[in-house]
Amino acid sequence: MRKAIGRRRLRRAISLLAFMSLGAGAVVSAPAAAAGRPAIVEGATVRADHRSPTGFTVKFVYHNPNATQVRLAGDLTLLDVDTGNTRYQPEEWQPGRYHAGGTEFLRDMTKDSRGYWSVSVPLHAGSLSYWYRVWDPTQGWENKRIWDPASTHPRPPGESSFRVRNNDVLDAAYVPYARKQNDPVLKERAEYELPAAKRSQRGTVRYVPYTTILGDSGHYLGVYLPPDYDANRAEPYKVAYLAHGIFGDETDFMVPANVPNILDNMTAKGEIEPTVVVTMGNHFTGTSLGFGSYNQTNAANNLVQTILPFIEDNYNVSTERAGRAYAGFSYGGMTGAHVIRGYPTTFAFYGHFSGNPSLTAQDYDNVAAAVGDDDLFVFLGNGVFEGNLNAQNAIANNFRARGYAAETTQVPGAHDGMTASQLFTIFARDHLWSGVDSVSVTPPAINLTTGWNWVRQFSAQVTTNEDVSPAVTWSVKGATSTGTTISADGLLSVAANETASSLTVVATSVVDPTKSSSAQVRLRPTGTARVVVKAKAAPASIVRGGTFKLNVEVRAQSRHKKTPKATGEIAVTFGGTTRVVPLTGGATVIKLPTTGLSAGVYPVHVAYSGDPTHAPAAAVQQKLRVR
């Protein structure tokens, strides 16, 4: 029997993160002012600015007294979704335009007397890639591309990183969402891509040395551990292995693609169970910087034969395919073909971001033969500025034709880490392990009569893994009246004019909508046998603060052979409050408190809802005095 692990959709609760000063990778503290001079904050500082088209301006400050020229650079020019080929400067932002790579943004920075270089630009919400270009004769730098030295992002030690050797380093600035941006895409990016609001909700990133399959030492694996990672937890953590694109390295998914922040926020919201992430460099030819240094076969073999055993020996992670995911950006997505073809039973989830696996019909058949009745999920996507999804859809259809789940999507972006960030968000939140085991609803079934305004409370019991939200959404199916509704907390209201013979109340997991449960509501017409309703409280007068005891009896006007006692409910209205109480043997006792009532006379209205034998009835039964 195939266990469902694939597609799911989420209610996306969007929240504004109110960060006013965010540095590159973290908030940067200002040094103390000296000799009356204003304090200078190095790095990227975000401030609210009503004059900015986005509502925010980011000031970049870099300290280097020896530099002769410095430029802010990055993936900070804008593309318009309607044109896709016209580049705009940050100051030209308007809804529908997104920062995108493909053309390097360059802006001269101004140097002050203390050697601080600075420039300010308006940026839209999300995690945005930038770097500096520096001319410094004391270090032999001429147009040297460097990451922000004020950044707090962890990085591999030394200068052997492929990105460093390739002069292709990136940093990230984090910009909140302002209402004037008026864009749900940017609002959601701020929700997931900015650092988690509480430091206790942030995981850790470290780089650990290891030796590759070729016997090369001096390589590092990036390891993200979720908040409160427990090496001794009984249930191993699910784990995602992420591969970079050509010219990238193990820092790609940690910094420009922003995976740690995304998972921190998802985990805090209970949208995904705590997950470990492993990133690796996939260049295997020493000092070469060309395409040939990225060997896809070596990368796939190194991942499965070397990295997986190393991680599983040193961290509390899943060794089951259902607990493992592989995803890659660009060339890393293409490498996924070698992984799934060579090791079809190692991973249950695959993500291909702006890089498609190249598979033959025989490859698809071989994968299906190996995976069999186990589940497999494949996700493919790109940025809207990269072209259509025809190739991705064709690949997805090949997997679907063999009985496996596959999804495709596009996000506003180009071929850069910001697109990878958005695609990873969708992949992780909507398609990876949900951590929801089951949903049940109580009561499972009820019987009601028509022609009455019914109210019934339902509750859901959701079994989840640790830290996963048990929240559900409620819905009612089969109603003919717009007055028949169910509230967000499961309170069903059935309108008196409801003509349906049955209703279905459904509770659906917010985290994993493939998990749901339902209750049945049967609506039957009321009978025609007349009833007599009697209600009396004795004494009929009490002091304020006391409680009346009301005895209610509902009996047939003419004794009915099949149902001598009336069943169903009565609704008693007293002092502006209505209480609904079921009958037992045609009778019930109700307490009517007077707390909060002023002195005076209050009518007692009793309404009987009717049942399949007896007809409804309603009348004022008595007037009670509060003194």
# chains A, B, ... in the order shown; residues from 1 in each chain; ligands from 1
$ closest_atom_pairs --of "region 24-105 of chain A" --to "region 125-148 of chain A" --cutoff "12 Å" --atoms "only C-alpha atoms" --output "tab-separated table"
residue	atom	partner	partner_atom	distance
A:Ala24	CA	A:Asp148	CA	7.4
A:Gly25	CA	A:Ser127	CA	9.7
A:Ala26	CA	A:Ser127	CA	11.8
A:Val28	CA	A:Asp148	CA	11.9
A:Glu42	CA	A:Asp148	CA	9.0
A:Gly43	CA	A:Asp148	CA	6.6
A:Ala44	CA	A:Asp148	CA	8.8
A:Val46	CA	A:Ala125	CA	10.7
A:Ala48	CA	A:Ala125	CA	11.8
A:Pro53	CA	A:Ala125	CA	11.7
A:Thr54	CA	A:Ala125	CA	8.0
A:Gly55	CA	A:Ala125	CA	9.5
A:Phe56	CA	A:Ala125	CA	8.6
A:Thr57	CA	A:Ala125	CA	10.7
A:Val58	CA	A:Leu128	CA	10.9
A:Phe60	CA	A:Asp148	CA	9.3
A:Val61	CA	A:Asp148	CA	9.1
A:Tyr62	CA	A:Asp148	CA	7.4
A:His63	CA	A:Asp148	CA	9.9
A:Asn64	CA	A:Asp136	CA	8.4
A:Pro65	CA	A:Asp136	CA	9.1
A:Asn66	CA	A:Asp136	CA	6.0
A:Ala67	CA	A:Asp136	CA	4.2
A:Thr68	CA	A:Trp135	CA	5.7
A:Gln69	CA	A:Trp135	CA	5.1
A:Val70	CA	A:Val134	CA	4.6
A:Arg71	CA	A:Arg133	CA	5.1
A:Leu72	CA	A:Tyr132	CA	4.9
A:Ala73	CA	A:Trp131	CA	5.2
A:Gly74	CA	A:Tyr130	CA	3.8
A:Asp75	CA	A:Ser129	CA	5.5
A:Leu76	CA	A:Ser129	CA	7.2
A:Thr77	CA	A:Leu128	CA	10.7
A:Leu78	CA	A:Leu128	CA	11.6
A:Pro90	CA	A:Leu128	CA	11.9
A:Trp93	CA	A:Ala125	CA	11.5
A:Pro95	CA	A:Ala125	CA	11.6
A:Arg97	CA	A:Ala125	CA	11.6
A:Tyr98	CA	A:Ala125	CA	9.5
A:His99	CA	A:Leu128	CA	7.6
A:Ala100	CA	A:Leu128	CA	8.9
A:Gly101	CA	A:Ser129	CA	8.7
A:Glu104	CA	A:Tyr130	CA	9.5
A:Phe105	CA	A:Tyr130	CA	8.7
$ select_by_dssp --residues "region 305-517 of chain A" --states "alpha helix (DSSP H)" --output "PyMOL selection string"
chain A and resi 308-314+331-342+361-371+390-400+417-431
$ atom_distance --atom1 "CA of Val439 (chain A)" --atom2 "CA of Asp375 (chain A)"
21.2 Å
$ residues_around --residues "Gly403 (chain A)" --least-positions-apart "2" --cutoff "10 Å" --atoms "only C-alpha atoms" --output "list in words"
Ala368, Gly372, Asp373, Asp375, Leu376, Asn397, Asn398, Phe399, Arg400, Ala401, Ala405 and Ala406 of chain A
$ closest_residue --among "A:Phe347, A:Phe247, A:Trp452, A:Tyr608" --to "Asn497 (chain A)" --atoms "only C-alpha atoms"
A:Trp452
$ atom_distance --atom1 "CA of Leu242 (chain A)" --atom2 "CA of Lys515 (chain A)"
27.6 Å
$ residues_around --residues "region 474-478 of chain A" --least-positions-apart "2" --cutoff "8 Å" --atoms "only C-alpha atoms" --output "list of chain:residue names"
A:Val472, A:Thr480, A:Thr485, A:Ile486, A:Ser487, A:Ala488, A:Asp489, A:Gly490, A:Ala500, A:Ser502, A:Leu503, A:Thr504, A:Val505, A:Val506, A:Ala507, A:Thr508
$ write_last_selection --atoms "N, CA, C and O atoms" --output "compact mmCIF listing (two decimals), in the first residue's frame"
# COMPACT_ATOMS: atom_id res chain seq x y z
N VAL A 472 -6.53 23.34 12.52
CA VAL A 472 -7.36 22.85 11.43
C VAL A 472 -8.20 23.99 10.87
O VAL A 472 -8.43 25.00 11.53
N THR A 480 -27.68 24.09 1.59
CA THR A 480 -28.42 24.83 0.57
C THR A 480 -28.68 26.27 0.99
O THR A 480 -29.03 27.10 0.15
N THR A 485 -23.49 27.84 8.33
CA THR A 485 -22.05 28.12 8.32
C THR A 485 -21.37 27.39 9.46
O THR A 485 -22.03 26.85 10.36
N ILE A 486 -20.04 27.43 9.43
CA ILE A 486 -19.26 26.91 10.55
C ILE A 486 -18.14 27.89 10.83
O ILE A 486 -17.51 28.42 9.92
N SER A 487 -17.91 28.16 12.10
CA SER A 487 -16.92 29.16 12.50
C SER A 487 -15.52 28.57 12.46
O SER A 487 -15.32 27.36 12.30
N ALA A 488 -14.53 29.45 12.66
CA ALA A 488 -13.13 29.03 12.64
C ALA A 488 -12.80 28.09 13.78
O ALA A 488 -11.83 27.34 13.70
N ASP A 489 -13.61 28.09 14.85
CA ASP A 489 -13.36 27.17 15.96
C ASP A 489 -14.34 26.01 16.01
O ASP A 489 -14.47 25.34 17.03
N GLY A 490 -15.04 25.73 14.90
CA GLY A 490 -15.85 24.52 14.80
C GLY A 490 -17.28 24.63 15.28
O GLY A 490 -17.93 23.61 15.52
N ALA A 500 -31.38 20.88 3.06
CA ALA A 500 -30.59 19.67 2.82
C ALA A 500 -31.00 18.58 3.80
O ALA A 500 -31.38 18.84 4.94
N SER A 502 -28.81 16.21 4.64
CA SER A 502 -27.62 15.88 5.42
C SER A 502 -26.52 16.91 5.12
O SER A 502 -26.49 17.53 4.05
N LEU A 503 -25.65 17.08 6.07
CA LEU A 503 -24.50 17.96 5.95
C LEU A 503 -23.25 17.19 6.36
O LEU A 503 -23.33 16.23 7.15
N THR A 504 -22.11 17.61 5.84
CA THR A 504 -20.84 17.03 6.24
C THR A 504 -19.95 18.13 6.80
O THR A 504 -19.67 19.12 6.12
N VAL A 505 -19.54 17.95 8.04
CA VAL A 505 -18.62 18.89 8.69
C VAL A 505 -17.21 18.32 8.56
O VAL A 505 -16.96 17.17 8.94
N VAL A 506 -16.28 19.13 8.01
CA VAL A 506 -14.93 18.64 7.72
C VAL A 506 -13.90 19.48 8.46
O VAL A 506 -13.95 20.71 8.44
N ALA A 507 -12.97 18.81 9.12
CA ALA A 507 -11.79 19.45 9.73
C ALA A 507 -10.58 19.03 8.93
O ALA A 507 -10.33 17.83 8.76
N THR A 508 -9.80 20.02 8.42
CA THR A 508 -8.64 19.76 7.58
C THR A 508 -7.40 20.35 8.22
O THR A 508 -7.40 21.52 8.62
$ atom_distance --atom1 "CA of Asn447 (chain A)" --atom2 "CA of Gln520 (chain A)"
8.5 Å
$ residues_around --residues "Gly332 (chain A)" --least-positions-apart "4" --cutoff "8 Å" --atoms "only C-alpha atoms" --output "list of chain:residue names"
A:Leu242, A:Ala243, A:His244, A:Gly245, A:Ile246, A:Ala327, A:Gly328, A:Gly336, A:His352, A:Gly355
$ closest_residue --among "A:Tyr174, A:Tyr116, A:Tyr88, A:Tyr241" --to "Ser318 (chain A)" --atoms "only C-alpha atoms"
A:Tyr241
$ residues_around --residues "Leu583 (chain A)" --least-positions-apart "5" --cutoff "9 Å" --atoms "only C-alpha atoms" --output "VMD selection string"
chain A and resid 552 to 554 566 to 570 588
$ write_last_selection --atoms "C-alpha atoms" --output "short mmCIF file (atom, residue, chain, number, x, y, z; two decimals), in the first residue's frame"
data_model
loop_
_atom_site.label_atom_id
_atom_site.label_comp_id
_atom_site.auth_asym_id
_atom_site.auth_seq_id
_atom_site.Cartn_x
_atom_site.Cartn_y
_atom_site.Cartn_z
CA VAL A 552 -39.64 22.27 31.84
CA GLU A 553 -41.89 19.49 30.53
CA VAL A 554 -42.85 18.82 26.92
CA ALA A 566 -41.00 14.31 23.13
CA THR A 567 -37.32 14.22 22.25
CA GLY A 568 -35.04 16.91 20.88
CA GLU A 569 -34.16 20.21 22.56
CA ILE A 570 -35.60 23.33 24.06
CA THR A 588 -35.35 18.99 31.85
#
$ select_by_dssp --residues "region 137-355 of chain A" --states "strand (DSSP E)" --output "MDAnalysis selection string"
chainID A and resid 141:146 171:175 204:210 219:225 238:243 275:280 324:329 349:353
$ write_last_selection --atoms "N, CA and C atoms" --output "compact mmCIF listing (two decimals), in the first residue's frame"
# COMPACT_ATOMS: atom_id res chain seq x y z
N TRP A 141 44.02 44.52 -4.71
CA TRP A 141 42.65 44.33 -5.20
C TRP A 141 42.34 45.35 -6.29
N GLU A 142 41.85 44.88 -7.38
CA GLU A 142 41.33 45.74 -8.43
C GLU A 142 39.99 45.17 -8.88
N ASN A 143 38.95 45.86 -8.50
CA ASN A 143 37.59 45.38 -8.78
C ASN A 143 37.35 44.01 -8.13
N LYS A 144 37.90 43.84 -6.93
CA LYS A 144 37.78 42.58 -6.19
C LYS A 144 36.36 42.46 -5.62
N ARG A 145 35.74 41.33 -5.86
CA ARG A 145 34.39 41.09 -5.33
C ARG A 145 34.51 40.43 -3.97
N ILE A 146 33.94 41.06 -2.96
CA ILE A 146 34.03 40.52 -1.59
C ILE A 146 32.65 40.51 -0.95
N ASP A 171 26.29 38.09 -0.28
CA ASP A 171 25.70 38.30 1.03
C ASP A 171 24.21 38.55 0.86
N ALA A 172 23.52 38.79 1.95
CA ALA A 172 22.07 39.01 1.88
C ALA A 172 21.67 40.12 2.83
N ALA A 173 20.84 41.03 2.33
CA ALA A 173 20.22 42.06 3.16
C ALA A 173 18.76 41.70 3.33
N TYR A 174 18.22 41.96 4.52
CA TYR A 174 16.85 41.55 4.86
C TYR A 174 15.96 42.77 5.02
N VAL A 175 14.96 42.87 4.16
CA VAL A 175 14.10 44.05 4.12
C VAL A 175 12.67 43.63 4.47
N THR A 204 21.00 26.84 13.98
CA THR A 204 22.43 27.15 13.86
C THR A 204 22.97 26.62 12.54
N VAL A 205 23.97 27.31 12.02
CA VAL A 205 24.67 26.89 10.81
C VAL A 205 26.15 26.74 11.14
N ARG A 206 26.72 25.64 10.74
CA ARG A 206 28.15 25.43 10.93
C ARG A 206 28.69 24.71 9.70
N TYR A 207 30.02 24.77 9.52
CA TYR A 207 30.67 24.10 8.42
C TYR A 207 31.66 23.09 8.98
N VAL A 208 31.47 21.84 8.61
CA VAL A 208 32.28 20.76 9.18
C VAL A 208 33.16 20.16 8.08
N PRO A 209 34.45 19.90 8.38
CA PRO A 209 35.34 19.34 7.36
C PRO A 209 35.05 17.87 7.10
N TYR A 210 35.29 17.46 5.87
CA TYR A 210 35.16 16.04 5.54
C TYR A 210 36.03 15.75 4.33
N HIS A 219 37.63 19.96 2.33
CA HIS A 219 36.28 20.31 1.90
C HIS A 219 35.36 20.41 3.12
N TYR A 220 34.27 21.16 2.95
CA TYR A 220 33.36 21.39 4.08
C TYR A 220 31.91 21.10 3.69
N LEU A 221 31.18 20.63 4.66
CA LEU A 221 29.73 20.48 4.54
C LEU A 221 29.07 21.55 5.38
N GLY A 222 28.08 22.22 4.81
CA GLY A 222 27.26 23.13 5.61
C GLY A 222 26.18 22.34 6.31
N VAL A 223 26.00 22.55 7.60
CA VAL A 223 24.98 21.82 8.36
C VAL A 223 24.12 22.81 9.12
N TYR A 224 22.85 22.81 8.81
CA TYR A 224 21.86 23.60 9.57
C TYR A 224 21.15 22.66 10.53
N LEU A 225 21.16 23.04 11.81
CA LEU A 225 20.43 22.30 12.83
C LEU A 225 19.28 23.16 13.32
N LYS A 238 14.13 14.60 10.16
CA LYS A 238 14.12 14.56 8.71
C LYS A 238 15.27 15.43 8.21
N VAL A 239 15.79 15.11 7.01
CA VAL A 239 16.98 15.81 6.53
C VAL A 239 16.87 16.08 5.04
N ALA A 240 17.27 17.30 4.65
CA ALA A 240 17.29 17.70 3.24
C ALA A 240 18.74 17.95 2.82
N TYR A 241 19.16 17.35 1.72
CA TYR A 241 20.49 17.53 1.16
C TYR A 241 20.35 18.45 -0.06
N LEU A 242 21.06 19.59 -0.05
CA LEU A 242 20.87 20.63 -1.06
C LEU A 242 22.15 20.87 -1.85
N ALA A 243 22.03 20.89 -3.17
CA ALA A 243 23.18 21.02 -4.06
C ALA A 243 23.13 22.34 -4.81
N THR A 275 13.77 20.27 10.85
CA THR A 275 14.47 19.59 9.77
C THR A 275 15.94 19.99 9.76
N VAL A 276 16.79 19.02 9.52
CA VAL A 276 18.23 19.25 9.35
C VAL A 276 18.50 19.47 7.87
N VAL A 277 19.44 20.37 7.55
CA VAL A 277 19.83 20.62 6.16
C VAL A 277 21.33 20.42 6.03
N VAL A 278 21.74 19.78 4.94
CA VAL A 278 23.15 19.57 4.64
C VAL A 278 23.44 20.13 3.24
N THR A 279 24.45 20.98 3.12
CA THR A 279 24.88 21.50 1.83
C THR A 279 26.32 21.09 1.58
N MET A 280 26.67 20.93 0.31
CA MET A 280 28.01 20.44 -0.01
C MET A 280 28.55 21.12 -1.27
N ARG A 324 14.25 11.56 3.90
CA ARG A 324 15.33 12.25 3.19
C ARG A 324 14.78 12.97 1.96
N ALA A 325 15.32 14.16 1.70
CA ALA A 325 14.99 14.91 0.49
C ALA A 325 16.28 15.35 -0.19
N TYR A 326 16.24 15.42 -1.52
CA TYR A 326 17.34 16.00 -2.30
C TYR A 326 16.77 17.15 -3.12
N ALA A 327 17.48 18.27 -3.13
CA ALA A 327 17.08 19.38 -3.98
C ALA A 327 18.32 20.10 -4.46
N GLY A 328 18.21 20.69 -5.65
CA GLY A 328 19.34 21.41 -6.20
C GLY A 328 18.90 22.58 -7.04
N PHE A 329 19.77 23.60 -7.11
CA PHE A 329 19.52 24.77 -7.93
C PHE A 329 20.40 24.70 -9.17
N PHE A 349 11.89 12.52 -1.79
CA PHE A 349 11.50 13.84 -2.28
C PHE A 349 12.63 14.42 -3.12
N TYR A 350 12.25 15.01 -4.25
CA TYR A 350 13.22 15.66 -5.12
C TYR A 350 12.74 17.06 -5.47
N GLY A 351 13.64 18.04 -5.38
CA GLY A 351 13.33 19.40 -5.80
C GLY A 351 14.33 19.85 -6.85
N HIS A 352 13.83 20.34 -7.98
CA HIS A 352 14.69 20.81 -9.07
C HIS A 352 14.36 22.27 -9.31
N PHE A 353 15.24 23.16 -8.86
CA PHE A 353 15.02 24.60 -8.92
C PHE A 353 15.84 25.18 -10.07
$ residues_around --residues "Val494 (chain A)" --least-positions-apart "6" --cutoff "6 Å" --atoms "only C-alpha atoms" --output "JSON, numbers by chain"
{"A": [453, 454, 484]}
$ closest_residue --among "A:Arg402, A:Ala231, A:Val531, A:Thr482" --to "Gln362 (chain A)" --atoms "only C-alpha atoms"
A:Arg402
